[in-house]
Amino acid sequence: MKARVHVMLKQGVLDPQGEAVRHALGSLGFDGVEGVRQGKVIELDLADGTSEATVGEMCEKLLANTVIESYRIEML
Amino acid sequence: MKTAVIVFPGSNCDRDMAVAFEAAGCDVEMVWHKDTALPQGIDMVGVPGGFSFGDYLRCGAIAANSPICRAVVAHAEAGGYVLGVCNGFQVLAETGLLPGALLRNAGIKYICRTVGLRVEGESVYTQGYKAGEEIALPIAHHDGNYFADAATLDTLEAENRVAFRYTDNPNGSARDIAGILSPNRRVLGMMPHPERAADAAHGNTDGARLFAHLTGVLQGA
């Protein structure tokens, strides 16, 4: 089984990389991009029966820094 | 004073930090990240700058979960001294020994230059400076933009735990913060590199004074 974890900077935390991407899109002529937030996706190959709660623990302990990041788990 | 300097794969300021501690009269042992315990009788742990574990996942995140870091956290919780510089500050923030986090620099660029700092919070590390004194130290980082929520920042300031502030904020850090202290003032995390300004040959000795007073303070304790 697999799980996919989406990690994003929390709202209100400055994302200078997202901002740079927004600028670059603008200079490529894509008007109307009002905001870009950049995050990461982590795919986990898991032993069968691994619970979403265990993946949540992985996020809390390592995969996300909850001071600045939020996460969302997708069990696949 | 017995000092341990932690070495992670990717640390690159570990030897400079050891030299600065030694110049101040400390006995230094280098400790590998896979060790599970600090050597006996350690007073001070130095967590050096560099790119531990290639900055994979987040700067300092993998190092903060390495075996030796459990011992470093226990040392700090028992009242031991810990100095984290640059990547070392990022590691200490990731362990939770210091509040907040270090984000990507607001201007996105890696910054490597000497910056002005104002010395503030009282601690063994700042004894060699006058309160409010302006000094210059080099910075070299991509992720030094200090972030914490407003309540945490207010607490740091109310408790006089901001050790160093940038005089001209280079990286977007909240309230110009360059270095902070733990509640017991024995753990210091800072982005600037005192060990790179600790010898006449460096062209700047403002950092040497941070190390110079440690031995006296700890032997008197």
# chains A, B, ... in the order shown; residues from 1 in each chain; ligands from 1
$ interface_residues --of "chain B" --to "chain A" --cutoff "10 Å" --atoms "only C-alpha atoms" --output "list of chain:residue names"
B:Leu57, B:Arg58, B:Ala61, B:Ile62, B:Ala64, B:Asn65, B:Ala93, B:Glu94, B:Thr95, B:Gly96, B:Pro99, B:Gly100, B:Ala101, B:Leu102, B:Leu103, B:Arg104, B:Asn105, B:Ala106, B:Gly107, B:Ile108, B:Lys109, B:Asn145, B:Phe147, B:Ala148, B:Asp149, B:Gly172
$ write_last_selection --atoms "N, CA and C atoms" --output "short mmCIF file (atom, residue, chain, number, x, y, z; two decimals), in the first residue's frame"
data_model
loop_
_atom_site.label_atom_id
_atom_site.label_comp_id
_atom_site.auth_asym_id
_atom_site.auth_seq_id
_atom_site.Cartn_x
_atom_site.Cartn_y
_atom_site.Cartn_z
N LEU B 57 14.99 17.13 3.03
CA LEU B 57 13.68 17.31 3.69
C LEU B 57 13.52 18.75 4.16
N ARG B 58 14.22 19.14 5.22
CA ARG B 58 14.30 20.54 5.68
C ARG B 58 15.65 20.68 6.33
N ALA B 61 16.52 18.88 9.76
CA ALA B 61 15.46 17.96 10.19
C ALA B 61 15.98 16.54 10.43
N ILE B 62 16.83 16.06 9.53
CA ILE B 62 17.32 14.68 9.68
C ILE B 62 18.32 14.64 10.84
N ALA B 64 18.37 16.48 13.43
CA ALA B 64 17.66 16.62 14.72
C ALA B 64 17.12 15.29 15.20
N ASN B 65 16.96 14.34 14.28
CA ASN B 65 16.43 13.03 14.65
C ASN B 65 17.52 11.96 14.66
N ALA B 93 16.41 24.23 16.47
CA ALA B 93 15.01 24.60 16.29
C ALA B 93 14.19 23.36 15.94
N GLU B 94 14.76 22.48 15.11
CA GLU B 94 14.04 21.26 14.72
C GLU B 94 13.85 20.31 15.92
N THR B 95 14.80 20.32 16.86
CA THR B 95 14.64 19.44 18.03
C THR B 95 13.60 20.01 19.00
N GLY B 96 13.27 21.29 18.85
CA GLY B 96 12.34 21.91 19.78
C GLY B 96 13.04 22.51 21.00
N PRO B 99 12.55 27.70 20.20
CA PRO B 99 11.27 27.87 19.49
C PRO B 99 11.46 28.42 18.08
N GLY B 100 10.42 28.26 17.25
CA GLY B 100 10.43 28.85 15.92
C GLY B 100 11.11 27.96 14.89
N ALA B 101 11.36 28.54 13.71
CA ALA B 101 11.97 27.80 12.61
C ALA B 101 12.71 28.78 11.72
N LEU B 102 13.62 28.25 10.90
CA LEU B 102 14.38 29.07 9.96
C LEU B 102 13.86 28.80 8.56
N LEU B 103 13.27 29.83 7.96
CA LEU B 103 12.71 29.71 6.62
C LEU B 103 13.73 30.14 5.58
N ARG B 104 13.41 29.86 4.30
CA ARG B 104 14.20 30.37 3.19
C ARG B 104 14.34 31.89 3.31
N ASN B 105 15.53 32.42 3.01
CA ASN B 105 15.75 33.88 3.05
C ASN B 105 14.68 34.59 2.23
N ALA B 106 14.20 35.71 2.73
CA ALA B 106 13.11 36.42 2.05
C ALA B 106 13.49 36.78 0.61
N GLY B 107 14.77 37.07 0.37
CA GLY B 107 15.20 37.43 -0.99
C GLY B 107 15.60 36.23 -1.83
N ILE B 108 15.35 35.02 -1.33
CA ILE B 108 15.60 33.73 -1.98
C ILE B 108 17.08 33.38 -2.11
N LYS B 109 17.94 34.39 -2.17
CA LYS B 109 19.36 34.10 -2.44
C LYS B 109 20.09 33.60 -1.19
N ASN B 145 15.95 32.88 7.75
CA ASN B 145 14.85 33.80 7.97
C ASN B 145 14.05 33.31 9.17
N PHE B 147 11.49 32.60 11.91
CA PHE B 147 10.04 32.71 11.98
C PHE B 147 9.53 32.11 13.28
N ALA B 148 8.64 32.82 13.93
CA ALA B 148 7.88 32.25 15.05
C ALA B 148 6.58 33.04 15.11
N ASP B 149 5.55 32.46 15.75
CA ASP B 149 4.29 33.22 15.82
C ASP B 149 4.46 34.42 16.76
N GLY B 172 15.09 38.76 6.16
CA GLY B 172 13.65 38.78 6.44
C GLY B 172 13.27 38.27 7.82
#
$ residues_around --residues "Leu214 in chain B" --least-positions-apart "4" --cutoff "8 Å" --atoms "only C-alpha atoms" --output "VMD selection string"
chain B and resid 24 124 to 125 210 218
$ write_last_selection --atoms "N, CA and C atoms" --output "mmCIF file, in the first residue's frame"
data_model
loop_
_atom_site.group_PDB
_atom_site.id
_atom_site.type_symbol
_atom_site.label_atom_id
_atom_site.label_comp_id
_atom_site.auth_asym_id
_atom_site.auth_seq_id
_atom_site.Cartn_x
_atom_site.Cartn_y
_atom_site.Cartn_z
ATOM 1 N N ALA B 24 39.915 29.229 23.218
ATOM 2 C CA ALA B 24 39.379 29.816 24.449
ATOM 3 C C ALA B 24 39.707 28.960 25.674
ATOM 4 N N VAL B 124 25.842 33.555 29.200
ATOM 5 C CA VAL B 124 27.290 33.334 29.281
ATOM 6 C C VAL B 124 27.948 33.659 27.937
ATOM 7 N N TYR B 125 27.173 33.522 26.882
ATOM 8 C CA TYR B 125 27.728 33.728 25.539
ATOM 9 C C TYR B 125 27.956 35.205 25.227
ATOM 10 N N LEU B 210 32.827 35.668 22.209
ATOM 11 C CA LEU B 210 31.733 34.764 22.585
ATOM 12 C C LEU B 210 32.307 33.521 23.262
ATOM 13 N N LEU B 218 32.069 28.712 33.262
ATOM 14 C CA LEU B 218 31.699 27.349 33.605
ATOM 15 C C LEU B 218 32.560 26.794 34.724
#
$ residues_around --residues "Leu44 in chain A" --least-positions-apart "6" --cutoff "8 Å" --atoms "only C-alpha atoms" --output "MDAnalysis selection string"
chainID A and resid 2:5
$ write_last_selection --atoms "all heavy atoms" --output "PDB file, in the first residue's frame"
ATOM      1  N   LYS A   2       0.239   2.324  -0.387  1.00  0.00           N
ATOM      2  CA  LYS A   2       0.986   3.583  -0.470  1.00  0.00           C
ATOM      3  C   LYS A   2       0.227   4.687   0.261  1.00  0.00           C
ATOM      4  O   LYS A   2      -0.997   4.622   0.407  1.00  0.00           O
ATOM      5  CB  LYS A   2       1.118   4.012  -1.933  1.00  0.00           C
ATOM      6  CG  LYS A   2       2.210   3.296  -2.712  1.00  0.00           C
ATOM      7  CD  LYS A   2       2.197   3.796  -4.145  1.00  0.00           C
ATOM      8  CE  LYS A   2       3.077   2.955  -5.058  1.00  0.00           C
ATOM      9  NZ  LYS A   2       4.487   3.330  -5.034  1.00  0.00           N
ATOM     10  N   ALA A   3       0.972   5.658   0.690  1.00  0.00           N
ATOM     11  CA  ALA A   3       0.349   6.884   1.204  1.00  0.00           C
ATOM     12  C   ALA A   3       1.061   8.057   0.563  1.00  0.00           C
ATOM     13  O   ALA A   3       2.245   7.960   0.215  1.00  0.00           O
ATOM     14  CB  ALA A   3       0.468   6.958   2.719  1.00  0.00           C
ATOM     15  N   ARG A   4       0.312   9.101   0.358  1.00  0.00           N
ATOM     16  CA  ARG A   4       0.913  10.317  -0.197  1.00  0.00           C
ATOM     17  C   ARG A   4       0.709  11.435   0.825  1.00  0.00           C
ATOM     18  O   ARG A   4      -0.420  11.638   1.295  1.00  0.00           O
ATOM     19  CB  ARG A   4       0.232  10.661  -1.524  1.00  0.00           C
ATOM     20  CG  ARG A   4       0.992  11.666  -2.353  1.00  0.00           C
ATOM     21  CD  ARG A   4       0.336  11.856  -3.722  1.00  0.00           C
ATOM     22  NE  ARG A   4       0.510  10.701  -4.602  1.00  0.00           N
ATOM     23  CZ  ARG A   4      -0.427  10.259  -5.453  1.00  0.00           C
ATOM     24  NH1 ARG A   4      -1.599  10.847  -5.525  1.00  0.00           N
ATOM     25  NH2 ARG A   4      -0.183   9.208  -6.209  1.00  0.00           N
ATOM     26  N   VAL A   5       1.792  12.114   1.161  1.00  0.00           N
ATOM     27  CA  VAL A   5       1.714  13.199   2.143  1.00  0.00           C
ATOM     28  C   VAL A   5       2.001  14.513   1.425  1.00  0.00           C
ATOM     29  O   VAL A   5       3.014  14.638   0.721  1.00  0.00           O
ATOM     30  CB  VAL A   5       2.743  12.986   3.282  1.00  0.00           C
ATOM     31  CG1 VAL A   5       2.734  14.164   4.238  1.00  0.00           C
ATOM     32  CG2 VAL A   5       2.453  11.684   4.028  1.00  0.00           C
TER      33      VAL A   5
END
$ select_by_dssp --residues "range 57-105 of chain B" --states "alpha helix (DSSP H)" --output "PDB file with all heavy atoms, in the first residue's frame"
ATOM      1  N   ALA B  61      16.525  18.880   9.757  1.00  0.00           N
ATOM      2  CA  ALA B  61      15.461  17.956  10.195  1.00  0.00           C
ATOM      3  C   ALA B  61      15.982  16.544  10.433  1.00  0.00           C
ATOM      4  O   ALA B  61      15.628  15.898  11.417  1.00  0.00           O
ATOM      5  CB  ALA B  61      14.324  17.927   9.178  1.00  0.00           C
ATOM      6  N   ILE B  62      16.831  16.055   9.531  1.00  0.00           N
ATOM      7  CA  ILE B  62      17.319  14.675   9.677  1.00  0.00           C
ATOM      8  C   ILE B  62      18.319  14.640  10.836  1.00  0.00           C
ATOM      9  O   ILE B  62      18.281  13.734  11.666  1.00  0.00           O
ATOM     10  CB  ILE B  62      18.002  14.179   8.375  1.00  0.00           C
ATOM     11  CG1 ILE B  62      17.121  14.459   7.151  1.00  0.00           C
ATOM     12  CG2 ILE B  62      18.384  12.714   8.485  1.00  0.00           C
ATOM     13  CD1 ILE B  62      16.013  13.509   6.889  1.00  0.00           C
ATOM     14  N   ALA B  63      19.184  15.648  10.909  1.00  0.00           N
ATOM     15  CA  ALA B  63      20.167  15.702  11.999  1.00  0.00           C
ATOM     16  C   ALA B  63      19.478  15.737  13.358  1.00  0.00           C
ATOM     17  O   ALA B  63      19.918  15.096  14.314  1.00  0.00           O
ATOM     18  CB  ALA B  63      21.068  16.930  11.838  1.00  0.00           C
ATOM     19  N   ALA B  64      18.367  16.484  13.433  1.00  0.00           N
ATOM     20  CA  ALA B  64      17.664  16.624  14.718  1.00  0.00           C
ATOM     21  C   ALA B  64      17.118  15.289  15.198  1.00  0.00           C
ATOM     22  O   ALA B  64      16.850  15.118  16.387  1.00  0.00           O
ATOM     23  CB  ALA B  64      16.530  17.638  14.581  1.00  0.00           C
ATOM     24  N   PRO B  67      20.763   9.788  16.280  1.00  0.00           N
ATOM     25  CA  PRO B  67      20.950   9.257  17.634  1.00  0.00           C
ATOM     26  C   PRO B  67      21.598  10.256  18.596  1.00  0.00           C
ATOM     27  O   PRO B  67      21.139  10.422  19.730  1.00  0.00           O
ATOM     28  CB  PRO B  67      21.863   8.037  17.403  1.00  0.00           C
ATOM     29  CG  PRO B  67      21.587   7.623  15.997  1.00  0.00           C
ATOM     30  CD  PRO B  67      21.278   8.896  15.243  1.00  0.00           C
ATOM     31  N   ILE B  68      22.646  10.965  18.170  1.00  0.00           N
ATOM     32  CA  ILE B  68      23.343  11.839  19.121  1.00  0.00           C
ATOM     33  C   ILE B  68      22.454  12.985  19.571  1.00  0.00           C
ATOM     34  O   ILE B  68      22.609  13.509  20.687  1.00  0.00           O
ATOM     35  CB  ILE B  68      24.682  12.381  18.523  1.00  0.00           C
ATOM     36  CG1 ILE B  68      25.586  12.947  19.616  1.00  0.00           C
ATOM     37  CG2 ILE B  68      24.440  13.434  17.465  1.00  0.00           C
ATOM     38  CD1 ILE B  68      26.013  11.961  20.670  1.00  0.00           C
ATOM     39  N   CYS B  69      21.507  13.388  18.723  1.00  0.00           N
ATOM     40  CA  CYS B  69      20.687  14.537  19.110  1.00  0.00           C
ATOM     41  C   CYS B  69      19.771  14.222  20.284  1.00  0.00           C
ATOM     42  O   CYS B  69      19.424  15.124  21.047  1.00  0.00           O
ATOM     43  CB  CYS B  69      19.918  15.094  17.911  1.00  0.00           C
ATOM     44  SG  CYS B  69      20.904  16.376  17.115  1.00  0.00           S
ATOM     45  N   ARG B  70      19.411  12.943  20.446  1.00  0.00           N
ATOM     46  CA  ARG B  70      18.637  12.597  21.642  1.00  0.00           C
ATOM     47  C   ARG B  70      19.485  12.872  22.895  1.00  0.00           C
ATOM     48  O   ARG B  70      18.991  13.380  23.904  1.00  0.00           O
ATOM     49  CB  ARG B  70      18.182  11.138  21.588  1.00  0.00           C
ATOM     50  CG  ARG B  70      16.955  10.963  20.693  1.00  0.00           C
ATOM     51  CD  ARG B  70      16.380   9.562  20.801  1.00  0.00           C
ATOM     52  NE  ARG B  70      17.092   8.609  19.953  1.00  0.00           N
ATOM     53  CZ  ARG B  70      16.888   8.482  18.636  1.00  0.00           C
ATOM     54  NH1 ARG B  70      15.992   9.228  18.021  1.00  0.00           N
ATOM     55  NH2 ARG B  70      17.569   7.619  17.928  1.00  0.00           N
ATOM     56  N   ALA B  71      20.778  12.568  22.791  1.00  0.00           N
ATOM     57  CA  ALA B  71      21.680  12.827  23.930  1.00  0.00           C
ATOM     58  C   ALA B  71      21.888  14.331  24.133  1.00  0.00           C
ATOM     59  O   ALA B  71      22.005  14.800  25.273  1.00  0.00           O
ATOM     60  CB  ALA B  71      23.018  12.129  23.698  1.00  0.00           C
ATOM     61  N   VAL B  72      21.929  15.078  23.038  1.00  0.00           N
ATOM     62  CA  VAL B  72      22.112  16.537  23.145  1.00  0.00           C
ATOM     63  C   VAL B  72      20.885  17.168  23.811  1.00  0.00           C
ATOM     64  O   VAL B  72      21.004  18.043  24.679  1.00  0.00           O
ATOM     65  CB  VAL B  72      22.377  17.168  21.756  1.00  0.00           C
ATOM     66  CG1 VAL B  72      22.411  18.689  21.843  1.00  0.00           C
ATOM     67  CG2 VAL B  72      23.691  16.641  21.170  1.00  0.00           C
ATOM     68  N   VAL B  73      19.697  16.691  23.430  1.00  0.00           N
ATOM     69  CA  VAL B  73      18.467  17.211  24.040  1.00  0.00           C
ATOM     70  C   VAL B  73      18.453  16.883  25.533  1.00  0.00           C
ATOM     71  O   VAL B  73      18.148  17.744  26.371  1.00  0.00           O
ATOM     72  CB  VAL B  73      17.212  16.637  23.329  1.00  0.00           C
ATOM     73  CG1 VAL B  73      15.938  16.961  24.103  1.00  0.00           C
ATOM     74  CG2 VAL B  73      17.121  17.193  21.903  1.00  0.00           C
ATOM     75  N   ALA B  74      18.841  15.651  25.874  1.00  0.00           N
ATOM     76  CA  ALA B  74      18.866  15.254  27.296  1.00  0.00           C
ATOM     77  C   ALA B  74      19.869  16.113  28.068  1.00  0.00           C
ATOM     78  O   ALA B  74      19.587  16.558  29.192  1.00  0.00           O
ATOM     79  CB  ALA B  74      19.214  13.771  27.421  1.00  0.00           C
ATOM     80  N   HIS B  75      21.022  16.386  27.461  1.00  0.00           N
ATOM     81  CA  HIS B  75      22.055  17.241  28.068  1.00  0.00           C
ATOM     82  C   HIS B  75      21.484  18.637  28.350  1.00  0.00           C
ATOM     83  O   HIS B  75      21.644  19.175  29.443  1.00  0.00           O
ATOM     84  CB  HIS B  75      23.248  17.313  27.092  1.00  0.00           C
ATOM     85  CG  HIS B  75      24.263  18.370  27.386  1.00  0.00           C
ATOM     86  ND1 HIS B  75      25.244  18.217  28.334  1.00  0.00           N
ATOM     87  CD2 HIS B  75      24.451  19.606  26.837  1.00  0.00           C
ATOM     88  CE1 HIS B  75      25.994  19.312  28.364  1.00  0.00           C
ATOM     89  NE2 HIS B  75      25.539  20.168  27.472  1.00  0.00           N
ATOM     90  N   ALA B  76      20.771  19.192  27.369  1.00  0.00           N
ATOM     91  CA  ALA B  76      20.190  20.529  27.538  1.00  0.00           C
ATOM     92  C   ALA B  76      19.102  20.502  28.600  1.00  0.00           C
ATOM     93  O   ALA B  76      19.009  21.417  29.437  1.00  0.00           O
ATOM     94  CB  ALA B  76      19.628  21.026  26.209  1.00  0.00           C
ATOM     95  N   GLU B  77      18.288  19.450  28.587  1.00  0.00           N
ATOM     96  CA  GLU B  77      17.187  19.374  29.555  1.00  0.00           C
ATOM     97  C   GLU B  77      17.710  19.208  30.975  1.00  0.00           C
ATOM     98  O   GLU B  77      17.040  19.569  31.935  1.00  0.00           O
ATOM     99  CB  GLU B  77      16.225  18.240  29.171  1.00  0.00           C
ATOM    100  CG  GLU B  77      15.361  18.649  27.976  1.00  0.00           C
ATOM    101  CD  GLU B  77      14.488  17.534  27.432  1.00  0.00           C
ATOM    102  OE1 GLU B  77      14.730  16.358  27.812  1.00  0.00           O
ATOM    103  OE2 GLU B  77      13.582  17.838  26.638  1.00  0.00           O
ATOM    104  N   ASN B  87      23.645  26.061  10.607  1.00  0.00           N
ATOM    105  CA  ASN B  87      22.915  24.794  10.508  1.00  0.00           C
ATOM    106  C   ASN B  87      22.658  24.230  11.920  1.00  0.00           C
ATOM    107  O   ASN B  87      21.623  23.598  12.166  1.00  0.00           O
ATOM    108  CB  ASN B  87      23.706  23.792   9.665  1.00  0.00           C
ATOM    109  CG  ASN B  87      22.949  22.509   9.356  1.00  0.00           C
ATOM    110  OD1 ASN B  87      23.514  21.421   9.409  1.00  0.00           O
ATOM    111  ND2 ASN B  87      21.664  22.590   9.034  1.00  0.00           N
ATOM    112  N   GLY B  88      23.570  24.516  12.845  1.00  0.00           N
ATOM    113  CA  GLY B  88      23.369  24.078  14.227  1.00  0.00           C
ATOM    114  C   GLY B  88      22.136  24.718  14.860  1.00  0.00           C
ATOM    115  O   GLY B  88      21.421  24.084  15.636  1.00  0.00           O
ATOM    116  N   PHE B  89      21.881  25.972  14.527  1.00  0.00           N
ATOM    117  CA  PHE B  89      20.667  26.670  14.999  1.00  0.00           C
ATOM    118  C   PHE B  89      19.437  25.991  14.385  1.00  0.00           C
ATOM    119  O   PHE B  89      18.445  25.726  15.064  1.00  0.00           O
ATOM    120  CB  PHE B  89      20.758  28.150  14.599  1.00  0.00           C
ATOM    121  CG  PHE B  89      19.617  29.029  15.076  1.00  0.00           C
ATOM    122  CD1 PHE B  89      18.695  28.615  16.032  1.00  0.00           C
ATOM    123  CD2 PHE B  89      19.487  30.324  14.557  1.00  0.00           C
ATOM    124  CE1 PHE B  89      17.653  29.465  16.453  1.00  0.00           C
ATOM    125  CE2 PHE B  89      18.457  31.170  14.976  1.00  0.00           C
ATOM    126  CZ  PHE B  89      17.539  30.733  15.917  1.00  0.00           C
ATOM    127  N   GLN B  90      19.537  25.684  13.082  1.00  0.00           N
ATOM    128  CA  GLN B  90      18.410  25.007  12.422  1.00  0.00           C
ATOM    129  C   GLN B  90      18.130  23.660  13.091  1.00  0.00           C
ATOM    130  O   GLN B  90      16.969  23.283  13.306  1.00  0.00           O
ATOM    131  CB  GLN B  90      18.723  24.809  10.926  1.00  0.00           C
ATOM    132  CG  GLN B  90      18.839  26.134  10.160  1.00  0.00           C
ATOM    133  CD  GLN B  90      19.535  25.983   8.811  1.00  0.00           C
ATOM    134  OE1 GLN B  90      20.261  25.021   8.567  1.00  0.00           O
ATOM    135  NE2 GLN B  90      19.325  26.956   7.932  1.00  0.00           N
ATOM    136  N   VAL B  91      19.192  22.945  13.445  1.00  0.00           N
ATOM    137  CA  VAL B  91      19.028  21.647  14.113  1.00  0.00           C
ATOM    138  C   VAL B  91      18.348  21.838  15.472  1.00  0.00           C
ATOM    139  O   VAL B  91      17.396  21.125  15.807  1.00  0.00           O
ATOM    140  CB  VAL B  91      20.395  20.938  14.286  1.00  0.00           C
ATOM    141  CG1 VAL B  91      20.262  19.693  15.156  1.00  0.00           C
ATOM    142  CG2 VAL B  91      20.999  20.574  12.931  1.00  0.00           C
ATOM    143  N   LEU B  92      18.808  22.822  16.242  1.00  0.00           N
ATOM    144  CA  LEU B  92      18.235  23.034  17.576  1.00  0.00           C
ATOM    145  C   LEU B  92      16.768  23.445  17.490  1.00  0.00           C
ATOM    146  O   LEU B  92      15.950  23.036  18.320  1.00  0.00           O
ATOM    147  CB  LEU B  92      19.039  24.093  18.348  1.00  0.00           C
ATOM    148  CG  LEU B  92      20.487  23.716  18.678  1.00  0.00           C
ATOM    149  CD1 LEU B  92      21.170  24.840  19.464  1.00  0.00           C
ATOM    150  CD2 LEU B  92      20.561  22.409  19.468  1.00  0.00           C
ATOM    151  N   ALA B  93      16.415  24.235  16.469  1.00  0.00           N
ATOM    152  CA  ALA B  93      15.008  24.601  16.287  1.00  0.00           C
ATOM    153  C   ALA B  93      14.187  23.358  15.935  1.00  0.00           C
ATOM    154  O   ALA B  93      13.077  23.170  16.431  1.00  0.00           O
ATOM    155  CB  ALA B  93      14.872  25.665  15.199  1.00  0.00           C
ATOM    156  N   GLU B  94      14.756  22.483  15.106  1.00  0.00           N
ATOM    157  CA  GLU B  94      14.038  21.260  14.724  1.00  0.00           C
ATOM    158  C   GLU B  94      13.852  20.311  15.915  1.00  0.00           C
ATOM    159  O   GLU B  94      12.884  19.571  15.971  1.00  0.00           O
ATOM    160  CB  GLU B  94      14.773  20.534  13.591  1.00  0.00           C
ATOM    161  CG  GLU B  94      14.555  21.161  12.210  1.00  0.00           C
ATOM    162  CD  GLU B  94      13.201  20.786  11.588  1.00  0.00           C
ATOM    163  OE1 GLU B  94      12.561  19.830  12.056  1.00  0.00           O
ATOM    164  OE2 GLU B  94      12.795  21.482  10.634  1.00  0.00           O
ATOM    165  N   THR B  95      14.801  20.316  16.861  1.00  0.00           N
ATOM    166  CA  THR B  95      14.638  19.444  18.033  1.00  0.00           C
ATOM    167  C   THR B  95      13.596  20.006  18.997  1.00  0.00           C
ATOM    168  O   THR B  95      13.147  19.302  19.896  1.00  0.00           O
ATOM    169  CB  THR B  95      15.940  19.303  18.858  1.00  0.00           C
ATOM    170  OG1 THR B  95      16.295  20.592  19.354  1.00  0.00           O
ATOM    171  CG2 THR B  95      17.076  18.719  18.048  1.00  0.00           C
TER     172      THR B  95
END
$ atom_distance --atom1 "CA of Lys34 in chain B" --atom2 "CA of Leu98 in chain B"
22.4 Å
$ select_by_dssp --residues "range 54-182 of chain B" --states "strand (DSSP E or B)" --output "ChimeraX atom specification"
/B:81-85,101-103,111-119,134-141,145-147,162-166,177-181
$ atom_distance --atom1 "CA of Gly189 in chain B" --atom2 "CA of Val41 in chain A"
29.6 Å
